[in-house]
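Engineer: For reference, this is work-v9.txt, and it has compact mmCIF, C-alpha atoms.
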# COMPACT_ATOMS: atom_id res chain seq x y z
CA LYS A 1 93.09 151.45 323.79
CA SER A 2 93.21 148.33 321.66
CA ARG A 3 90.05 147.12 320.08
CA PRO A 4 89.01 143.52 320.52
CA ALA A 5 89.88 141.19 317.65
CA THR A 6 86.72 140.64 315.69
CA PRO A 7 86.41 138.09 312.87
CA GLN A 8 86.34 140.97 310.39
CA ARG A 9 89.63 142.43 311.73
CA LYS A 10 91.24 138.99 311.68
CA GLU A 11 90.24 138.57 308.03
CA GLU A 12 91.64 142.00 307.16
CA ARG A 13 94.92 141.17 308.92
CA ARG A 14 95.12 137.84 307.07
CA LYS A 15 94.68 139.64 303.73
CA VAL A 16 97.44 142.11 304.61
CA ASP A 17 99.74 139.22 305.60
CA ILE A 18 99.06 137.48 302.29
CA LEU A 19 99.79 140.71 300.42
CA ILE A 20 103.11 141.22 302.25
CA GLN A 21 104.11 137.57 301.67
CA ASN A 22 103.33 137.87 297.95
CA LEU A 23 105.28 141.13 297.72
CA LEU A 24 108.34 139.49 299.29
CA ASN A 25 108.07 136.50 296.93
CA ALA A 26 107.66 138.80 293.93
CA LEU A 27 110.66 140.85 295.00
CA GLN A 28 112.81 137.72 295.19
CA TRP A 29 111.72 136.34 291.80
CA GLY A 30 111.92 139.79 290.27
CA SER A 31 115.53 140.00 291.47
CA PHE A 32 116.32 136.73 289.69
CA TYR A 33 114.66 137.84 286.46
CA ALA A 34 116.29 141.26 286.59
CA LEU A 35 119.75 139.70 286.93
CA ILE A 36 119.08 137.45 283.94
CA ALA A 37 117.81 140.41 281.89
CA LEU A 38 120.87 142.40 282.89
CA GLY A 39 123.11 139.59 281.67
CA TYR A 40 121.30 139.43 278.33
CA THR A 41 121.49 143.19 277.96
CA LEU A 42 125.22 143.35 278.64
CA VAL A 43 126.04 140.47 276.33
CA TYR A 44 123.92 141.93 273.53
CA ALA A 45 125.21 145.48 273.97
CA LEU A 46 128.88 144.47 274.05
CA LEU A 47 129.02 141.56 271.64
CA GLY A 48 126.29 142.65 269.28
CA PHE A 49 124.36 139.37 269.43
CA LEU A 50 122.27 137.47 271.91
CA ASP A 51 123.85 134.52 273.62
CA PHE A 52 120.95 132.31 274.68
CA ALA A 53 122.94 130.18 277.12
CA PRO A 54 123.70 132.19 280.28
CA TRP A 55 121.97 129.64 282.48
CA MET A 56 124.16 126.85 281.13
CA VAL A 57 127.77 127.81 281.40
CA LEU A 58 128.18 131.49 280.58
CA ALA A 59 131.88 131.46 281.35
CA LEU A 60 132.41 128.85 278.62
CA THR A 61 129.70 129.76 276.13
CA VAL A 62 130.71 133.36 275.47
CA PRO A 63 134.40 132.62 274.76
CA LEU A 64 133.44 129.57 272.68
CA THR A 65 130.98 131.65 270.69
CA MET A 66 133.57 134.38 270.22
CA ILE A 67 136.11 131.84 268.94
CA LEU A 68 133.63 130.28 266.54
CA THR A 69 132.40 133.66 265.26
CA ALA A 70 135.86 135.23 264.92
CA GLY A 71 135.84 134.73 261.16
CA THR A 72 132.36 136.14 260.69
CA LYS A 73 133.16 139.84 261.23
CA GLY A 74 131.30 140.99 258.10
CA ALA A 75 128.73 138.19 258.15
CA HIS A 76 125.02 138.61 258.60
CA ARG A 77 123.95 138.79 262.25
CA LEU A 78 121.74 135.75 261.82
CA TYR A 79 124.83 133.56 261.38
CA VAL A 80 126.25 134.84 264.63
CA VAL A 81 122.99 134.16 266.48
CA ILE A 82 122.82 130.63 265.03
CA THR A 83 126.41 130.03 266.15
CA ALA A 84 125.58 131.23 269.67
CA LEU A 85 122.58 128.90 269.81
CA MET A 86 124.75 126.03 268.57
CA CYS A 87 127.32 126.67 271.32
CA GLY A 88 124.59 126.58 273.95
CA LEU A 89 123.21 123.33 272.56
CA ILE A 90 126.68 121.75 272.44
CA LEU A 91 127.32 122.64 276.07
CA GLU A 92 123.87 121.57 277.23
CA ASN A 93 124.00 118.22 275.46
CA GLY A 94 127.62 117.72 276.49
CA ASN A 95 126.60 118.15 280.12
CA LEU A 96 123.74 115.71 279.64
CA ALA A 97 126.11 113.15 278.11
CA LEU A 98 128.74 113.56 280.83
CA LEU A 99 126.56 113.99 283.91
CA GLY A 100 123.34 112.27 282.87
CA ALA A 101 119.79 113.57 282.95
CA SER A 102 119.12 112.87 286.61
CA ARG A 103 118.89 115.85 288.91
CA LYS A 104 121.91 116.64 290.99
CA LYS A 105 121.45 118.49 294.22
CA PHE A 106 123.72 121.46 294.66
CA PRO A 107 125.24 121.41 298.14
CA GLU A 108 123.78 123.97 300.49
CA LEU A 109 126.33 126.63 301.31
CA LEU A 110 124.26 128.35 303.98
CA ASP A 111 121.86 126.96 306.51
CA LYS A 112 118.31 128.02 305.80
CA VAL A 113 116.79 130.12 308.58
CA VAL A 114 113.11 131.06 308.49
CA TYR A 115 112.05 134.33 310.08
CA THR A 116 108.36 134.62 310.89
CA PHE A 117 106.56 137.89 311.53
CA GLY A 118 102.95 137.09 312.33
CA ASN A 119 101.79 135.01 309.36
CA VAL A 120 104.55 136.29 307.05
CA SER A 121 107.66 134.19 306.73
CA VAL A 122 110.89 135.00 304.94
CA THR A 123 114.12 133.02 304.74
CA ASN A 124 117.64 134.33 305.05
CA LEU A 125 118.27 133.14 301.47
CA LYS A 126 115.47 135.33 300.11
CA ILE A 127 116.88 138.32 301.93
CA ILE A 128 120.39 137.58 300.60
CA VAL A 129 119.11 137.25 297.01
CA ILE A 130 117.28 140.57 297.17
CA PHE A 131 120.19 142.48 298.70
CA ALA A 132 122.77 140.78 296.45
CA ALA A 133 120.78 141.79 293.36
CA ILE A 134 120.57 145.37 294.58
CA ALA A 135 124.33 145.36 295.30
CA VAL A 136 125.13 143.98 291.83
CA PHE A 137 122.94 146.61 290.17
CA LEU A 138 124.56 149.43 292.12
CA LEU A 139 128.08 148.09 291.43
CA LEU A 140 127.36 147.72 287.73
CA GLN A 141 125.82 151.20 287.61
CA PHE A 142 129.00 152.57 289.16
CA ILE A 143 131.27 150.62 286.78
CA VAL A 144 129.35 151.58 283.65
CA THR A 145 128.94 155.27 284.50
CA LYS A 146 132.06 156.19 286.50
CA THR A 147 135.02 154.12 285.21
CA LYS A 148 137.13 154.06 282.04
CA ILE A 149 136.07 150.47 281.38
CA GLY A 150 132.43 151.54 281.59
CA MET A 151 133.06 154.42 279.22
CA ALA A 152 134.71 152.01 276.78
CA MET A 153 131.76 149.61 277.12
CA ARG A 154 129.28 152.37 276.40
CA GLY A 155 131.37 153.64 273.50
CA ILE A 156 131.77 150.25 271.85
CA SER A 157 128.05 149.55 272.12
CA TYR A 158 127.29 152.93 270.59
CA ASP A 159 129.71 152.92 267.65
CA LYS A 160 132.21 150.08 267.30
CA PHE A 161 133.86 151.64 264.26
CA ALA A 162 134.65 155.06 265.76
CA ILE A 163 135.85 153.81 269.13
CA PRO A 164 139.33 152.65 267.92
CA LEU A 165 139.83 156.13 266.48
CA MET A 166 139.46 157.48 270.01
CA GLY A 167 142.31 155.29 271.28
CA ILE A 168 140.28 152.54 272.91
CA PRO A 169 141.61 149.15 271.83
CA ILE A 170 139.02 146.59 270.78
I need this file expressed as C-alpha cells, please.
Structural biologist:
Amino acid sequence: KSRPATPQRKEERRKVDILIQNLLNALQWGSFYALIALGYTLVYALLGFLDFAPWMVLALTVPLTMILTAGTKGAHRLYVVITALMCGLILENGNLALLGASRKKFPELLDKVVYTFGNVSVTNLKIIVIFAAIAVFLLLQFIVTKTKIGMAMRGISYDKFAIPLMGIPI
C-alpha cells in the first residue's frame, strides 16, 4: 500500500532530490579537479618541477620549458620553476595578443541532452565527463603499474641518477 503524499513527505523527498543533485554536481567538478591534479602530479614526478600552465597550452608549454631549462641541469630548482612560470606567461600573453581578450565560444561537439528523474536533472555531458575521468584514471593506473613505460616513469621519479645504470635511457 502506498501512503498518501503529505507535506512532510514531499519536503523529505525534495531534500533527498537536492542531495542527489548536489552529489552529481560534486562528482562532475571533482572529476575535473582530479584530472588537473593528476596532470600536475605527473608533470612534477617526471620532470622534477611544477609547470603551472596546463590549462593554457600544455602541449606547447612543457616542450618549451624543457628547451629553455636544458642548460640548467645542475641549477637550483627555483630557476626551473621560474622558467616554467615564464613560459606559461609568454603563452598566455601571446594568446591574448593574437586572439584578443574577448571570450570565444568553443563550438559544441555534442548536443546537450537533459535527463530528468523526478526533480534531479543530469546532462549527457556531465555523465560523459564523469565516465571519461574514471576511464582515464583506470588507463593511467594500468600504464603506470603494468607496462615498461610505467616502470620507467616510476623509476625516473624515484632515482633519476640510478635509472640509466639499469639500462633505461633518459
Engineer: Atom CA of A:Val120 to atom CA of A:Leu19: how many Å, to one decimal?
Structural biologist: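 We find that atom CA of A:Val120 and atom CA of A:Leu19 lie 9.3 Å from each other.
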Engineer: Distance atom CA of A:Ile128-atom CA of A:Ser31, one decimal place?
Structural biologist: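 Distance between the two atoms: 10.6 Å.
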Engineer: Could you list, as a count of residues only, every residue within 8 Å of stretch 139-145 of chain A, counting only C-alpha atoms and ignoring same-chain residues fewer than 6 positions away?
Structural biologist: 3
Engineer: Fewer than 5 positions away in the same chain doesn't count, so skip those; otherwise give me all residues within 10 Å of A:Leu125, counting all atoms listed in the file, as a PyMOL selection string.
Structural biologist: chain A and resi 28+110-114+130-131
Engineer: Could you check the closest approach to A:Gly167 for each of A:Leu99, A:Ala152, A:Ala84, A:Leu27 and tell me which residue wins, using only C-alpha atoms?
Structural biologist: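 Once distances to A:Gly167 are computed over only C-alpha atoms, the minimum belongs to A:Ala152.
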Engineer: Could you check which of A:Ala133, A:Cys87, A:Ile149, A:Ile18 is closest to A:Ile36, using all atoms listed in the file?
Structural biologist: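 Comparing A:Ala133, A:Cys87, A:Ile149, A:Ile18 against A:Ile36, the winner is A:Ala133.
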Engineer: Name the closest residue to A:Phe117 among the candidates A:Ile20, A:Lys148, A:Phe32, A:Ala162; distances are taken between atoms, counting all atoms listed in the file.
Structural biologist: A:Ile20
Engineer: So the first atom is atom CA of A:Leu109 and the second is atom CA of A:Leu24; what is the distance between them in Å, to one decimal place?
Structural biologist: 22.2 Å
